[in-house]
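Chemist: Below is the file protein23.txt, which contains compact mmCIF, C-alpha atoms.
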```
# COMPACT_ATOMS: atom_id res chain seq x y z
CA MET A 3 16.26 -9.48 -26.82
CA GLU A 4 18.14 -10.46 -23.66
CA ASN A 5 21.14 -8.40 -24.84
CA GLN A 6 18.92 -5.34 -25.14
CA LEU A 7 17.40 -5.78 -21.69
CA ASN A 8 18.13 -2.82 -19.42
CA ARG A 9 17.25 -4.12 -15.95
CA ASN A 10 18.31 -0.93 -14.18
CA ARG A 11 16.07 1.27 -16.33
CA LEU A 12 13.12 -1.12 -15.98
CA PHE A 13 13.60 -1.21 -12.22
CA ILE A 14 13.86 2.60 -11.94
CA ALA A 15 10.79 3.05 -14.15
CA SER A 16 8.88 0.59 -11.95
CA CYS A 17 9.90 2.61 -8.89
CA PHE A 18 8.52 5.81 -10.44
CA ALA A 19 5.25 3.98 -11.15
CA LEU A 20 5.05 2.95 -7.51
CA LEU A 21 5.99 6.51 -6.52
CA THR A 22 2.88 7.72 -8.37
CA THR A 23 0.81 5.24 -6.38
CA ALA A 24 2.38 6.45 -3.14
CA PHE A 25 1.75 10.11 -3.99
CA ALA A 26 -1.95 9.25 -4.27
CA PHE A 27 -1.91 8.08 -0.64
CA GLY A 28 0.41 10.75 0.78
CA ILE A 29 -1.26 13.69 -0.92
CA ARG A 30 -4.78 12.44 -0.21
CA ALA A 31 -3.87 12.14 3.49
CA GLY A 32 -2.73 15.78 3.35
CA ILE A 33 -5.87 17.23 1.75
CA MET A 34 -8.59 15.72 3.95
CA ASN A 35 -9.12 18.89 5.95
CA ASP A 36 -9.05 20.92 2.71
CA LEU A 37 -11.85 18.75 1.34
CA VAL A 38 -13.86 19.22 4.52
CA THR A 39 -13.55 23.00 4.16
CA ASP A 40 -14.01 23.26 0.39
CA MET A 41 -16.73 20.66 -0.16
CA SER A 42 -18.21 20.42 3.36
CA LEU A 43 -17.53 16.68 3.48
CA SER A 44 -18.26 14.64 6.62
CA ASP A 45 -15.89 12.05 8.09
CA GLN A 46 -18.15 9.35 6.69
CA GLN A 47 -17.86 10.88 3.21
CA LEU A 48 -14.08 11.14 3.64
CA GLY A 49 -14.15 7.46 4.47
CA TRP A 50 -15.97 6.75 1.21
CA ILE A 51 -13.45 8.85 -0.74
CA ASN A 52 -10.69 6.79 0.87
CA PHE A 53 -12.69 3.67 0.04
CA MET A 54 -12.84 4.57 -3.64
CA GLY A 55 -9.17 5.60 -3.53
CA ILE A 56 -8.41 1.98 -2.68
CA PHE A 57 -11.29 -0.05 -4.14
CA GLY A 58 -10.10 0.31 -7.74
CA PHE A 59 -6.84 -1.37 -6.77
CA PRO A 60 -8.24 -4.88 -6.18
CA ILE A 61 -10.49 -4.51 -9.22
CA ALA A 62 -7.39 -3.79 -11.30
CA THR A 63 -5.48 -6.76 -9.91
CA LEU A 64 -8.44 -9.02 -10.67
CA VAL A 65 -8.19 -7.78 -14.26
CA GLY A 66 -4.43 -7.39 -14.61
CA GLY A 67 -3.40 -10.59 -12.84
CA PRO A 68 -5.22 -13.00 -15.18
CA LEU A 69 -4.13 -10.95 -18.24
CA TYR A 70 -0.44 -10.81 -17.31
CA ASN A 71 0.50 -14.01 -19.15
CA SER A 72 -1.11 -12.77 -22.38
CA LEU A 73 -0.53 -8.98 -22.26
CA GLY A 74 2.71 -8.75 -20.28
CA PRO A 75 3.93 -5.86 -18.10
CA LYS A 76 4.33 -3.38 -20.96
CA LYS A 77 0.68 -3.24 -22.02
CA ILE A 78 -0.63 -3.46 -18.45
CA GLY A 79 1.70 -0.59 -17.54
CA ASN A 80 0.33 1.51 -20.41
CA ILE A 81 -3.18 0.97 -19.06
CA ALA A 82 -1.93 2.10 -15.65
CA PHE A 83 -0.54 5.35 -17.06
CA LEU A 84 -3.72 6.14 -19.01
CA CYS A 85 -5.86 5.63 -15.90
CA HIS A 86 -3.46 7.70 -13.79
CA PHE A 87 -3.75 10.55 -16.28
CA ILE A 88 -7.56 10.39 -16.40
CA GLY A 89 -7.92 10.09 -12.65
CA ILE A 90 -5.53 12.94 -11.78
CA THR A 91 -7.06 15.26 -14.37
CA PHE A 92 -10.67 14.71 -13.37
CA SER A 93 -9.85 14.83 -9.64
CA ILE A 94 -8.42 18.31 -10.17
CA LEU A 95 -11.61 19.34 -11.98
CA SER A 96 -13.92 17.87 -9.31
CA ASN A 97 -16.24 20.23 -7.45
CA SER A 98 -18.44 17.84 -5.48
CA PHE A 99 -18.34 14.61 -3.52
CA TYR A 100 -19.63 12.50 -6.41
CA THR A 101 -17.23 13.75 -9.09
CA LEU A 102 -14.29 13.32 -6.72
CA PHE A 103 -15.61 9.90 -5.71
CA PHE A 104 -15.56 8.54 -9.27
CA SER A 105 -12.37 10.27 -10.47
CA THR A 106 -10.56 8.79 -7.46
CA PHE A 107 -11.51 5.35 -8.74
CA PHE A 108 -9.38 5.82 -11.87
CA ILE A 109 -6.34 6.64 -9.76
CA SER A 110 -6.81 3.60 -7.56
CA PHE A 111 -7.43 1.38 -10.62
CA ALA A 112 -4.15 2.65 -12.07
CA ASN A 113 -2.41 1.89 -8.78
CA GLY A 114 -3.63 -1.71 -8.96
CA MET A 115 -2.39 -2.05 -12.53
CA VAL A 116 1.05 -0.89 -11.37
CA GLU A 117 1.05 -3.68 -8.79
CA ALA A 118 -0.18 -6.24 -11.33
CA ALA A 119 2.50 -5.29 -13.86
CA TYR A 120 5.66 -4.60 -11.92
CA ASN A 121 5.78 -7.05 -9.00
CA PRO A 122 5.94 -9.99 -11.46
CA LEU A 123 8.33 -8.00 -13.68
CA ILE A 124 10.82 -7.54 -10.84
CA ALA A 125 10.37 -11.14 -9.68
CA SER A 126 11.27 -12.31 -13.19
CA MET A 127 14.31 -10.02 -13.49
CA TYR A 128 15.88 -10.93 -10.13
CA THR A 129 15.31 -14.64 -9.54
CA SER A 130 18.33 -15.11 -7.23
CA ASN A 131 17.53 -12.23 -4.83
CA ARG A 132 13.83 -11.81 -5.37
CA ALA A 133 12.79 -10.87 -1.80
CA THR A 134 15.57 -8.29 -1.49
CA MET A 135 14.69 -6.58 -4.77
CA LEU A 136 10.95 -6.62 -4.07
CA ASN A 137 11.70 -4.92 -0.74
CA ARG A 138 13.83 -2.33 -2.57
CA PHE A 139 11.06 -1.78 -5.09
CA HIS A 140 8.59 -1.21 -2.28
CA VAL A 141 10.92 1.35 -0.73
CA TRP A 142 9.19 3.81 -3.01
CA PHE A 143 5.76 3.31 -1.53
CA PRO A 144 6.58 4.64 1.94
CA GLY A 145 9.22 6.90 0.39
CA GLY A 146 6.62 8.32 -1.96
CA ILE A 147 4.10 8.79 0.85
CA ALA A 148 6.77 10.73 2.78
CA ILE A 149 7.58 12.90 -0.22
CA GLY A 150 3.90 13.38 -1.07
CA SER A 151 2.93 14.31 2.49
CA LEU A 152 5.80 16.81 2.74
CA ILE A 153 4.81 18.33 -0.60
CA ALA A 154 1.21 18.63 0.62
CA LEU A 155 2.41 20.24 3.87
CA SER A 156 4.74 22.66 2.04
CA LEU A 157 2.15 23.68 -0.53
CA GLY A 158 -0.38 24.17 2.25
CA LEU A 159 1.99 26.50 4.12
CA LEU A 160 2.46 28.43 0.86
CA GLY A 161 -1.29 28.73 0.38
CA GLY A 162 -1.52 26.16 -2.42
CA SER A 163 -4.93 24.64 -3.13
CA TRP A 164 -5.69 20.93 -2.89
CA GLN A 165 -5.96 20.87 -6.70
CA ILE A 166 -2.33 21.98 -7.01
CA LYS A 167 -1.29 19.26 -4.55
CA ILE A 168 -2.99 16.59 -6.67
CA ALA A 169 -1.38 17.96 -9.86
CA VAL A 170 2.05 17.07 -8.44
CA MET A 171 1.19 13.45 -9.26
CA TYR A 172 1.67 14.20 -12.96
CA VAL A 173 5.46 14.34 -12.45
CA PRO A 174 6.17 10.69 -11.48
CA ALA A 175 3.38 9.47 -13.80
CA PHE A 176 4.91 10.98 -16.93
CA THR A 177 8.38 9.93 -15.76
CA TYR A 178 7.57 6.22 -15.59
CA PHE A 179 5.69 6.40 -18.89
CA LEU A 180 8.71 7.89 -20.68
CA LEU A 181 11.25 5.56 -19.00
CA PHE A 182 9.36 2.45 -20.15
CA ARG A 183 9.07 3.62 -23.75
CA GLY A 184 11.10 1.55 -26.22
CA GLN A 185 12.34 -0.94 -23.62
CA ALA A 186 12.62 -4.72 -23.96
CA PHE A 187 11.03 -6.80 -21.20
CA PRO A 188 12.27 -10.10 -19.72
CA GLU A 189 10.62 -13.49 -19.95
CA ALA A 190 9.10 -14.92 -16.77
CA PRO A 191 10.97 -17.74 -14.92
CA LYS A 192 10.03 -21.27 -16.00
CA GLU A 193 8.31 -22.13 -12.70
CA THR A 194 5.87 -19.22 -13.16
CA THR A 195 5.22 -19.48 -16.90
CA MET A 196 2.28 -21.84 -16.66
CA SER A 197 -1.07 -20.81 -18.07
CA THR A 198 -3.41 -18.61 -16.08
CA ALA A 199 -5.66 -21.65 -15.60
CA GLU A 200 -2.77 -23.56 -14.04
CA ASN A 201 -1.91 -20.55 -11.85
CA LEU A 202 -5.52 -20.48 -10.68
CA LYS A 203 -5.48 -24.23 -9.98
CA ALA A 204 -2.36 -23.77 -7.82
CA ILE A 205 -4.11 -20.97 -5.92
CA MET A 206 -7.32 -22.94 -5.35
CA SER A 207 -5.47 -26.01 -4.08
CA SER A 208 -3.25 -24.20 -1.54
CA PRO A 209 -4.69 -23.62 1.98
CA ILE A 210 -1.59 -21.58 2.82
CA TYR A 211 -2.29 -19.19 -0.04
CA TRP A 212 -5.84 -18.62 1.24
CA LEU A 213 -4.49 -18.00 4.72
CA MET A 214 -2.09 -15.43 3.28
CA LEU A 215 -4.97 -13.69 1.51
CA VAL A 216 -6.70 -13.13 4.84
CA CYS A 217 -3.45 -11.98 6.44
CA MET A 218 -2.79 -9.58 3.58
CA ALA A 219 -6.09 -7.80 4.17
CA LEU A 220 -5.18 -7.39 7.84
CA THR A 221 -1.54 -6.33 7.31
CA ALA A 222 -2.58 -3.75 4.71
CA THR A 223 -5.16 -2.29 7.07
CA THR A 224 -2.63 -2.19 9.92
CA GLU A 225 -0.17 -0.26 7.78
CA LEU A 226 -2.27 1.89 5.48
CA GLY A 227 -5.47 2.17 7.49
CA THR A 228 -3.52 3.95 10.20
CA GLN A 229 -1.61 6.14 7.75
CA SER A 230 -4.67 7.11 5.70
CA TRP A 231 -6.32 8.71 8.73
CA VAL A 232 -3.26 10.16 10.43
CA GLU A 233 -4.27 13.79 9.87
CA ARG A 234 -7.76 13.36 11.29
CA ILE A 235 -6.74 11.06 14.17
CA LEU A 236 -3.62 12.90 15.38
CA ALA A 237 -4.60 16.50 14.59
CA ASN A 238 -5.01 17.32 18.30
CA SER A 239 -2.33 15.06 19.79
CA GLY A 240 0.28 17.79 20.15
CA ALA A 241 2.27 16.40 17.20
CA GLN A 242 2.19 17.51 13.55
CA PRO A 243 0.31 14.69 11.76
CA LEU A 244 2.02 15.07 8.38
CA LEU A 245 5.43 15.11 10.07
CA VAL A 246 4.44 11.90 11.84
CA LEU A 247 3.47 10.42 8.47
CA ALA A 248 6.74 11.59 6.90
CA LEU A 249 8.78 10.17 9.81
CA VAL A 250 7.02 6.81 9.57
CA THR A 251 7.36 6.49 5.82
CA VAL A 252 11.01 7.61 5.68
CA LEU A 253 11.93 5.01 8.30
CA MET A 254 9.96 2.37 6.39
CA ALA A 255 11.81 3.22 3.20
CA VAL A 256 15.19 2.89 4.94
CA GLY A 257 14.15 -0.42 6.49
CA ARG A 258 13.08 -1.87 3.17
CA MET A 259 16.23 -0.70 1.43
CA PHE A 260 18.35 -2.76 3.84
CA ALA A 261 15.97 -5.68 4.33
CA GLY A 262 18.24 -8.30 2.74
CA PRO A 263 20.36 -9.28 5.80
CA LEU A 264 17.29 -9.37 8.08
CA ILE A 265 15.40 -11.67 5.71
CA HIS A 266 18.45 -13.91 5.39
CA ARG A 267 18.74 -14.21 9.18
CA LEU A 268 15.06 -14.62 10.16
CA ASN A 269 13.51 -15.80 6.85
CA ILE A 270 10.33 -14.20 5.51
CA THR A 271 7.96 -15.73 8.08
CA GLY A 272 10.16 -14.68 11.01
CA VAL A 273 10.16 -11.11 9.71
CA LEU A 274 6.35 -11.15 9.43
CA LEU A 275 5.95 -12.46 12.99
CA GLY A 276 8.24 -9.78 14.40
CA SER A 277 6.40 -7.13 12.41
CA ALA A 278 3.03 -8.13 13.86
CA ILE A 279 4.32 -8.00 17.44
CA ILE A 280 5.96 -4.60 17.05
CA SER A 281 2.98 -3.13 15.15
CA ALA A 282 0.51 -4.11 17.84
CA LEU A 283 2.67 -2.58 20.59
CA ALA A 284 3.22 0.59 18.56
CA ILE A 285 -0.44 1.30 17.77
CA PHE A 286 -1.49 0.63 21.39
CA MET A 287 1.24 3.05 22.47
CA MET A 288 0.10 5.63 19.92
CA SER A 289 -3.47 5.35 21.24
CA MET A 290 -2.27 6.71 24.59
CA ALA A 291 0.54 9.06 23.55
CA THR A 292 0.50 12.84 23.29
CA GLY A 293 3.15 15.42 22.40
CA PRO A 294 6.70 14.10 21.75
CA MET A 295 5.71 10.54 22.71
CA VAL A 296 3.62 10.39 19.53
CA TYR A 297 6.87 10.55 17.55
CA VAL A 298 8.38 7.76 19.65
CA ALA A 299 5.35 5.57 19.00
CA ALA A 300 5.57 6.48 15.31
CA VAL A 301 9.16 5.21 15.12
CA LEU A 302 8.08 1.89 16.62
CA PHE A 303 5.11 1.76 14.24
CA ALA A 304 7.41 2.29 11.24
CA ILE A 305 9.63 -0.60 12.32
CA GLY A 306 6.58 -2.80 12.76
CA VAL A 307 4.74 -2.22 9.49
CA CYS A 308 7.87 -1.71 7.37
CA TYR A 309 8.20 -5.28 6.11
CA PHE A 310 4.55 -6.34 5.83
CA TRP A 311 3.62 -5.62 2.21
CA PRO A 312 6.80 -6.62 0.30
CA ASN A 313 7.32 -9.78 2.33
CA MET A 314 3.74 -10.95 1.94
CA ILE A 315 4.32 -10.75 -1.83
CA SER A 316 7.80 -12.26 -1.46
CA PHE A 317 6.30 -15.20 0.45
CA VAL A 318 4.01 -15.95 -2.48
CA ALA A 319 6.82 -15.51 -5.04
CA ASP A 320 9.28 -17.73 -3.13
CA TYR A 321 7.09 -20.34 -1.42
CA LEU A 322 4.17 -20.55 -3.87
CA PRO A 323 5.80 -19.95 -7.30
CA LYS A 324 3.22 -22.01 -9.19
CA THR A 325 0.62 -19.31 -8.47
CA GLY A 326 2.65 -17.08 -10.82
CA ALA A 327 1.91 -13.44 -11.57
CA LEU A 328 -1.74 -14.11 -10.80
CA GLY A 329 -0.87 -15.10 -7.23
CA MET A 330 1.19 -11.96 -6.66
CA SER A 331 -1.47 -9.72 -8.19
CA LEU A 332 -4.37 -11.23 -6.26
CA ILE A 333 -2.68 -11.01 -2.88
CA GLY A 334 -1.95 -7.32 -3.45
CA GLY A 335 -5.52 -6.79 -4.59
CA VAL A 336 -6.98 -8.52 -1.54
CA GLY A 337 -4.77 -6.34 0.66
CA MET A 338 -6.26 -3.21 -0.84
CA LEU A 339 -9.77 -4.69 -0.85
CA GLY A 340 -9.54 -5.32 2.89
CA LEU A 341 -8.15 -1.83 3.41
CA SER A 342 -10.95 -0.26 1.32
CA ILE A 343 -13.60 -2.07 3.34
CA PHE A 344 -12.09 -0.72 6.55
CA GLN A 345 -12.01 2.92 5.38
CA PRO A 346 -15.67 3.78 6.05
CA ILE A 347 -15.49 1.58 9.15
CA ILE A 348 -12.62 3.67 10.53
CA GLY A 349 -14.53 6.84 9.66
CA GLY A 350 -17.52 5.41 11.49
CA TRP A 351 -15.34 4.55 14.50
CA ILE A 352 -14.18 8.15 14.73
CA GLU A 353 -17.72 9.50 14.59
CA GLY A 354 -18.98 6.86 17.03
CA HIS A 355 -16.23 7.52 19.58
CA ARG A 356 -16.77 11.27 19.16
CA ALA A 357 -20.44 10.83 20.08
CA VAL A 358 -19.58 8.69 23.11
CA LYS A 359 -16.89 11.08 24.37
CA SER A 360 -19.14 14.07 23.76
CA ALA A 361 -21.81 12.44 25.92
CA GLU A 362 -19.15 12.10 28.62
CA GLY A 363 -18.71 15.88 28.56
CA LEU A 364 -15.60 16.33 26.41
CA THR A 365 -15.54 19.20 23.92
CA GLY A 366 -13.23 20.85 21.38
CA GLU A 367 -9.68 19.53 20.96
CA ALA A 368 -9.98 17.19 23.96
CA LEU A 369 -12.98 15.55 22.30
CA GLU A 370 -11.18 15.08 18.97
CA LEU A 371 -8.08 13.68 20.70
CA ALA A 372 -10.09 11.17 22.73
CA ALA A 373 -12.03 10.02 19.65
CA GLY A 374 -8.81 9.60 17.66
CA GLN A 375 -7.06 7.65 20.41
CA ALA A 376 -10.04 5.34 20.89
CA THR A 377 -10.02 4.66 17.15
CA LEU A 378 -6.33 3.74 17.26
CA ALA A 379 -7.08 1.28 20.06
CA ASN A 380 -9.59 -0.39 17.74
CA ILE A 381 -7.04 -0.60 14.92
CA ALA A 382 -4.44 -2.13 17.28
CA ILE A 383 -6.58 -5.26 17.63
CA ILE A 384 -5.82 -6.16 13.99
CA PRO A 385 -2.04 -6.80 14.30
CA THR A 386 -2.70 -8.52 17.64
CA LEU A 387 -4.72 -11.14 15.76
CA LEU A 388 -1.89 -11.51 13.22
CA ILE A 389 0.64 -12.52 15.89
CA GLY A 390 -0.95 -15.94 16.35
CA VAL A 391 -1.32 -16.55 12.61
CA PHE A 392 2.28 -15.64 11.79
CA LEU A 393 3.57 -17.72 14.71
CA PHE A 394 1.79 -20.72 13.20
CA LEU A 395 3.20 -19.91 9.75
CA PHE A 396 6.73 -19.50 11.12
CA LEU A 397 6.59 -22.89 12.86
CA TYR A 398 4.96 -24.55 9.84
CA VAL A 399 7.62 -23.39 7.40
CA ARG A 400 10.48 -24.20 9.80
CA LYS A 401 9.09 -27.69 10.44
CA ASN A 402 8.60 -28.52 6.77
CA LYS A 403 11.79 -26.73 5.62
CA THR A 404 10.35 -26.72 2.12
CA HIS A 405 8.06 -24.49 0.14
CA ALA A 406 4.64 -24.15 1.74
```
How does the structure come out when it is put into structure tokens?
Modeler:
Amino acid sequence: MENQLNRNRLFIASCFALLTTAFAFGIRAGIMNDLVTDMSLSDQQLGWINFMGIFGFPIATLVGGPLYNSLGPKKIGNIAFLCHFIGITFSILSNSFYTLFFSTFFISFANGMVEAAYNPLIASMYTSNRATMLNRFHVWFPGGIAIGSLIALSLGLLGGSWQIKIAVMYVPAFTYFLLFRGQAFPEAPKETTMSTAENLKAIMSSPIYWLMLVCMALTATTELGTQSWVERILANSGAQPLLVLALVTVLMAVGRMFAGPLIHRLNITGVLLGSAIISALAIFMMSMATGPMVYVAAVLFAIGVCYFWPNMISFVADYLPKTGALGMSLIGGVGMLGLSIFQPIIGGWIEGHRAVKSAEGLTGEALELAAGQATLANIAIIPTLLIGVFLFLFLYVRKNKTHA
């Protein structure tokens, strides 16, 4: 079986699966105003659509993580494709808040199954350079958001409907399904091939793992909470929101592609600490910027959030290997769970700040800009809290000089 293993094809197929996940985020960010016009949705309802677009992810990891040892990445990946197909199809056919709400769940559930299947797959294929390859795999999340947002922008300029924009997701979905067909899959490394019960015992007995779960919820919200609302928050800033999103995600993709030397120099915890510092500065800057300065803040934001997600997973894979595939799946799921919880909160922040600024006499575009900037200031508190946690983690790992 080892002789038949085609690592390159498996890796490329995994990247297309993650690209499908990214399209869901990028395209959804580009159709929010379309949904407001077509279905008369409020910001609070948009927040709940974003919630459901994320909530299925942690549910899937709670299912897929414990089943990984028995089903393996192939069967979990097939479940992901089936749910992607159902979710995309019924989202296109949706004509009300409730039908869109539930069809979006299938897409997010599929996204979680992708995470549950292919992070452990890549970790098992590349044991000697695991962090580097996980970063390269996660290139395709920001890369896919950039591509998806540009597709949404282009189709919008051409008069394409939001249904056509969603249909674009069929392309990477069918691609990863066909690339995985007929392929042999690798065995997991010995240190991760314990039973699911033993994986769970390792998770329950590790205070560091629980700390990382909390941090994952906050890092995911810092990165994706900001990006999910970019069109609504920055629509009146003097910058093109989808171009800001594309700029951020392209820079993130480039950063992850060449993450290896940085991780080697600073180690994973040093990278996470630097990311928290830069992210906090960037979002505070974005909360005050208008016009061209929005793009400057966006560049800084991209550098800050670039390494969060893959290196949180890499930390678990490298420093807590006994948690196995379950550990990697759960931390991704908790990240999306935290993000989903914050979606209606962010929507509520926008509406709350709009009411306050309106009472102060602001109207029109000035009102929307002020509400968006105040919301960004709220979001910036999250990475500020992470600075202290990652400083502790950096010093802890350096002091012990062993796995956490």
Chemist: Suppose you want the space between atom CA of A:Pro243 and atom CA of A:Val301; what is it in Å?
Modeler: 13.4 Å
Chemist: Could you check which of A:Ile168, A:Asn10, A:Ala376, A:Met295 is closest to A:Lys359, using only C-alpha atoms?
Modeler: A:Ala376
Chemist: Using all atoms listed in the file for the distances, tell me which of A:Phe87, A:Tyr297, A:Phe260, A:Tyr321 is nearest to A:Val173.
Modeler: A:Phe87
Chemist: Using Å and a single decimal, report how far atom CA of A:Ala255 sits from atom CA of A:Ile305.
Modeler: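 The value is 10.1 Å.
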Chemist: What would the list of residues within 10 Å of (8.8, -11.1, 9.7) (file frame) look like as a tab-separated table (two decimals) with C-alpha atoms, in the coordinates of the input, if only C-alpha atoms are what count?
Modeler:
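Saved result, out-v2.tsv, follows:
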```tsv
chain	number	residue	atom	x	y	z
A	264	LEU	CA	17.29	-9.37	8.08
A	265	ILE	CA	15.40	-11.67	5.71
A	268	LEU	CA	15.06	-14.62	10.16
A	269	ASN	CA	13.51	-15.80	6.85
A	270	ILE	CA	10.33	-14.20	5.51
A	271	THR	CA	7.96	-15.73	8.08
A	272	GLY	CA	10.16	-14.68	11.01
A	273	VAL	CA	10.16	-11.11	9.71
A	274	LEU	CA	6.35	-11.15	9.43
A	275	LEU	CA	5.95	-12.46	12.99
A	276	GLY	CA	8.24	-9.78	14.40
A	277	SER	CA	6.40	-7.13	12.41
A	278	ALA	CA	3.03	-8.13	13.86
A	279	ILE	CA	4.32	-8.00	17.44
A	306	GLY	CA	6.58	-2.80	12.76
A	307	VAL	CA	4.74	-2.22	9.49
A	308	CYS	CA	7.87	-1.71	7.37
A	309	TYR	CA	8.20	-5.28	6.11
A	310	PHE	CA	4.55	-6.34	5.83
A	313	ASN	CA	7.32	-9.78	2.33
A	314	MET	CA	3.74	-10.95	1.94
A	392	PHE	CA	2.28	-15.64	11.79
A	393	LEU	CA	3.57	-17.72	14.71
A	396	PHE	CA	6.73	-19.50	11.12
```
Chemist: Taking (3.1, -13.5, -21.4) as a centre in this file's frame and 10 Å as the limit, can you find every polymer residue with an atom that close, using all atoms listed in the file, and give them as a PDB file with C-alpha atoms, keeping the file's coordinate frame?
Modeler:
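Okay, point_7.pdb is ready:
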```pdb
ATOM      1  CA  LEU A  69      -4.130 -10.950 -18.240  1.00  0.00           C
ATOM      2  CA  TYR A  70      -0.440 -10.810 -17.310  1.00  0.00           C
ATOM      3  CA  ASN A  71       0.500 -14.010 -19.150  1.00  0.00           C
ATOM      4  CA  SER A  72      -1.110 -12.770 -22.380  1.00  0.00           C
ATOM      5  CA  LEU A  73      -0.530  -8.980 -22.260  1.00  0.00           C
ATOM      6  CA  GLY A  74       2.710  -8.750 -20.280  1.00  0.00           C
ATOM      7  CA  PRO A  75       3.930  -5.860 -18.100  1.00  0.00           C
ATOM      8  CA  PRO A 188      12.270 -10.100 -19.720  1.00  0.00           C
ATOM      9  CA  GLU A 189      10.620 -13.490 -19.950  1.00  0.00           C
ATOM     10  CA  ALA A 190       9.100 -14.920 -16.770  1.00  0.00           C
ATOM     11  CA  THR A 195       5.220 -19.480 -16.900  1.00  0.00           C
ATOM     12  CA  MET A 196       2.280 -21.840 -16.660  1.00  0.00           C
ATOM     13  CA  SER A 197      -1.070 -20.810 -18.070  1.00  0.00           C
ATOM     14  CA  THR A 198      -3.410 -18.610 -16.080  1.00  0.00           C
ATOM     15  CA  ALA A 327       1.910 -13.440 -11.570  1.00  0.00           C
TER      16      ALA A 327
END
```
Chemist: Find the distance between atom CA of A:Arg9 and atom CA of A:Gln185 and write it in Å to one decimal.
Modeler: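 Distance reported for this atom pair: 9.6 Å.
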Chemist: Find the residues around A:Gly49 up to 7 Å (all atoms listed in the file counted), leave out those fewer than 6 positions away in its own chain, and share them as a list in words.
Modeler: Gln345, Pro346 and Gly349 of chain A
Chemist: Which is closest to A:Leu155 among A:Val116, A:Ala31, A:Val250, A:Ala361, if we use all atoms listed in the file?
Modeler: A:Ala31
